[in-house]
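Heads up, the thing below is written out as structure tokens.
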Amino acid sequence: MSVINFKTNIYDYLETLPIFTFQRLFQKPATCLAIFRLLPAIGRQIVMSILYVENPIPLKDIQSWVYKDGHKKLQEALHKLSKLHILEETPEKGLIVNSTFRLEFKNALSGGGEHQSFGLPCATVDKHKVDIAFLDHFASTQWEAILHYMVGTTMTKRPSRGVLNLLQKSDLMNANASESGLHITNKGFQFLLQDVNTQVWAFLLQYLDMAEMLKMDLVEVLNFLFQLGSLELGQDYSVETLTDTQQQMLEDLGDYGIVYRRKKGSRRFYPTRLATTLTSGTSALVTSLSKKETGTAASSAMIAAAEESHDEGGFLILETNYRVYAYTESPLQIAVLNLFIQLKSRFPNMVSGVITRESVRNAFLNGITADQIISYLQTHAHPQMRKRAPLLPLTVVDQIRLWEMERNRIEDKAAYLYKDFNVQADFDAAEKYAKDLDVLLWSNSKQRKMVIAQEAHETLRTYIKRRLAGNRDTG
Amino acid sequence: MLDTATSEDDTNLLVAIVDTNPLAWQQSATAKIPLSLDDAIRQILLFFNAHMALKHDNKVAAIASHIGHCKFLYPVTDAETHRRQANPSKIAKDANAYPNFKDVNDDIIESLRSLMADTDTPQKNLNDGTSMISGALSMALCYINRITNQDDLGRIKPRILVISVSPDSPYQYISIMNAVFSAQKMSIPIDVCKLYGGEVAFLQQASHITGGVYLDVENPQALLQYLLFSFLPERYARNYICLPNKEQVDFRAACFCHKRIIDIGYVCSVCLSIFCSWSPVCSTCRTKFAFRALPPLAGKGRPAISRTASPAPSTAASPGSSSPMSTA
């Protein structure tokens with residue numbers, strides 16, 4: 001079963017946008033700043049180094065700024081910079097910062113310009129002022145209502161139509177013909193195991209896709225999302241500077257718990273913690289990047305991601321004997337744990353359970369992968385667990401991976417069987433040819449049989465035919 | 001050399017020590033390539049913003065090293081914040097500036113203004129009109145120590161940047177060096193950006209010992225570019241990016257007795273204090289040296305007459321030096 005790749009990474013999404021969109025995105029300093037922070041460390045430094053340089057810089061010069069063992073990283077960074085259209089290549093092999101980006105990013109640094117992109121705080125005092133605790137409560141109830149709905153606990157109110165629609169569009173839940181309500185999908189199970197920041201981004205990216213369909217202006221939507229990331233928690237902002245599209249978005253974002261408005265049509269809104277950490281927590285980025293890397297690098301990145309969400313407060317203790325103690329009373333967390341843990345006992349403030357082969361296999365059947373389970377355990381590890389290195393007991397981590405591999409013992413491939421070679425030499429030549437092409441799946445020299453991947457069948461057949469014909473001619 | 005303790009996810013704490021010595025800035029503003037304090041601060045603030053732009057949780061702190069004393073420019077004390085917030089003109093916020101940047105910039109400008117207003121009243125001890133670099137370094141180290149202690153996960157990576165305009169003050173040699181060695185022990189790099197004035201041997205040594213960047217700014221007008229290019233890279237990026245440092249470091253020390261910078265001197269064999277001239281008693285540790293400055297050759301085999309130590313290495317060796325254990 002293949003891992004369904006969540007388009008969680010805003011960076012991947014941005015990459016797909018045309019240059020024209022970028023030119024418009026760059027007009028807002030808040031957006032420039034947010035995009036800039038998506039870059040790798042070396043890339044950020046390069047941009048800063050040449051931001052105030054008006055002339056193109058030869059690529060060779062930039063390469064000379066970096067030590068030899070950093071060249072790979074530099075290459076990566078430059079590639080990303082050009083993909084995001086921040087760096088442009090001039091005909092004379094020089095690199096220069098995109099002029100719009102340069103201007104607006106300078107504005108972001110110096111606080112100049114007349115762009116109003118960082119949100120306008122309300123001039124007057126709110127009569128119904130709310131505090132940060134209230135906002136946090138609001139955000140978590142709204143967001144958890146969605147998650148609750150997904151796991152099927154019935155204690156919270158049903159999310160709004162817009163949310164349901166989004167859940168269905170994003171394939172996290174689908175309508176079941178036999179039952180009336182929506183049903184969670186494999187992708188939905190995977191979604192539940194992500195950390196909140198990743199979940200929010202996954203939701204918002206889906207929202208972006210929908211926005212295109214609803215004929216909303218993509219640039220305005222993105223600008224607003226990036227603006228939200230730069231706002232201050234607990235401050236009320238005026239809707240005056242927002243465009244019509246963005247005001248429309250406010251309503252939807254209120255449903256997700258990302259912004260708070262006292263009532264529809266209110267002249268002010270409060271960003272919640274979900275909004276203000278949108279662009280700050282790199283956790284969403286880190287985990288998705290780590291999939292490309294391998295081994296130790298990946299695990300360290302995941303630990304970093306786990307630490308990123310430290311403020312969420314971990315509650316899980318995992319022991320070497322596969323026992324799990326979870327200090328939580330949230331039905332949602334318990335429901336999520338139930339996906340891959342066999343729960344044994346329940347107390348007022350904690351539940352305990354065991355990770356068994358059976359429970360983990362159930363999770364696999366739901367489309368959850370071992371990596372997702374492990375990263376969930378890491379993300380939510382109790383602060384006491386965090387003091388140890390490695391974070392999770394290795395035996396348990398390895399065993400979960402092994403259980404996953406168990407399920408992948410057989411893989412099938414379409415193939416062709418070649419047999420009945422008359423001459424050993426012909427077989428050997430054909431076998432070697434297939435090996436060189438890297439299409440040989442299996443061969444037995446004694447029986448003169450071999451199996452070739454389907455796609456190489458034509459090439460190999462013509463090769464053998466030619467060889468046989470050649471033999472006949474000479475012999 | 002790879003610094004494996006750093007990673008891309010670190011929070012970077014930049015503690016900047018800005019030399020605000022008005023006398024030195026006065027000279028700098030009238031130099032061949034002039035740079036006034038106002039212009040410099042404007043560029044330095046932009047540099048701070050750039051540092052905070054790099055990462056959401058990057059932190060900055062600024063300390064003014066003034067004549068005779070030093071003061072935190074940012075962060076300011078809670079009482080100060082309240083006082084400023086009471087001032088209604090501060091509340092006006094605008095949507096054109098990133099709030100994080102604006103708060104820091106406003107605070108620093110406000111602190112500088114009050115610092116400069118205080119300076120007009122004559123100071124009592126204007127010891128030769130030099131900046132309080134040593135005090136500022138100690139404050140920076142204390143601040144860093146406090147911040148890193150609060151951070152259990154050890155993800156805050158601090159560094160110090162000294163923006164210097166005034167010459168060395170040999171009077172502060174000992175305290176500067178103590179601060180530098182503490183920084184080395186805590187593995188905090190000290191970067192030095194020298195804008196104006198002659199050689200600053202102590203700061204050169206500081207950046208050399210702690211593995212920081214040292215840069216002599218040739219064109220002070222372009223300060224921002226220098227800062228962005230050489231001093232912005234965080235500790236993780238420094239593993240990969242080539243940065244300037246001083247090839248020839250001035251290792252000269254100041255003597256403890258007259259605070260003169262010397263090439264050759266006398267070193268106390270007990271406490272390693274440095275003196276420019278020979279004296280019978282070490283003024284630091286009160287060790288009595290043997291009186292004979294130049295050793296008679298015949299004195300070699302003889303045991304030390306008195307149980308005293310000798311002013312050791314430099315050029316002269318006294319009879320006592322044959323039995324170094326006989327120090328008082």
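Letters A, B, ... go to the chains of the structure tokens in the order shown; residues in each chain start at 1; ligands are counted from 1 in the same order.
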
Check: which chain A residues lie within 7 Å of chain B using only C-alpha atoms, as a ChimeraX atom specification: /A:33,37,41-42,44-45,48-49,52,65-67,69-70,108-121,280

Strand (DSSP E or B) per DSSP on the backbone: members of segment 77-243 of chain B, as a ChimeraX atom specification: /B:131,156-164,190-194,214-216,241

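Nearest to Gln342 of chain A of all the residues A:Leu318, A:Val360, A:Ala326, A:Leu192 is A:Val360, based on only C-alpha atoms.
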
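By chain and then residue number, the residues within 12 Å of Leu37 of chain B are Val18, Asp19, Thr20, Asn21, Pro22, Leu23, Ala24, Trp25, Gln26, Gln27, Ser28, Ala29, Thr30, Arg42, Gln43, Ile44, Leu45, Ile109, Leu112, Arg113, Met116, Ile163, Ser164, Val165, Leu195, Tyr196, Pro220, Gln221 and Leu223 of chain B, counting only C-alpha atoms and disregarding those fewer than 5 positions away in sequence.
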
Write out as a ChimeraX atom specification the residues lying within 8 Å of segment 345-352 of chain A, counting only C-alpha atoms and excluding same-chain residues fewer than 4 positions away. /A:323-329,334

For the structure I just gave you, how does DSSP split segment 30-265 of chain B - specifically, which residues are alpha helix (DSSP H)? Reply as a ChimeraX atom specification. /B:37-54,78-86,99-119,133-150,173-185,201-210,223-226

Using only C-alpha atoms, which of B:Thr11, B:Pro170, B:Gly198, B:Ile156 sits nearest Asn58 of chain B? B:Thr11

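Residues with any atom within 6 Å of segment 122-133 of chain A, counting only C-alpha atoms and excluding same-chain neighbours fewer than 4 positions away, are A:Gly234, A:Asp236, A:Tyr237, A:Ser238.
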
Go ahead and write the residues just picked, C-alpha atoms, as a compact mmCIF listing (two decimals), in the first residue's frame.
```txt
# COMPACT_ATOMS: atom_id res chain seq x y z
CA GLY A 234 -4.54 38.51 21.54
CA ASP A 236 -7.82 42.56 17.52
CA TYR A 237 -7.49 43.51 13.88
CA SER A 238 -9.71 45.58 11.70
```

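Interatomic distance, atom CA of Val270 of chain B to atom CA of Phe202 of chain B: 23.4 Å.
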
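Our summary of the geometry notes that atom CA of Ala430 of chain A is positioned 7.5 Å from atom CA of Leu460 of chain A.
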
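When atom CA of His66 of chain B is paired with atom CA of Met132 of chain B, their separation reads 5.8 Å.
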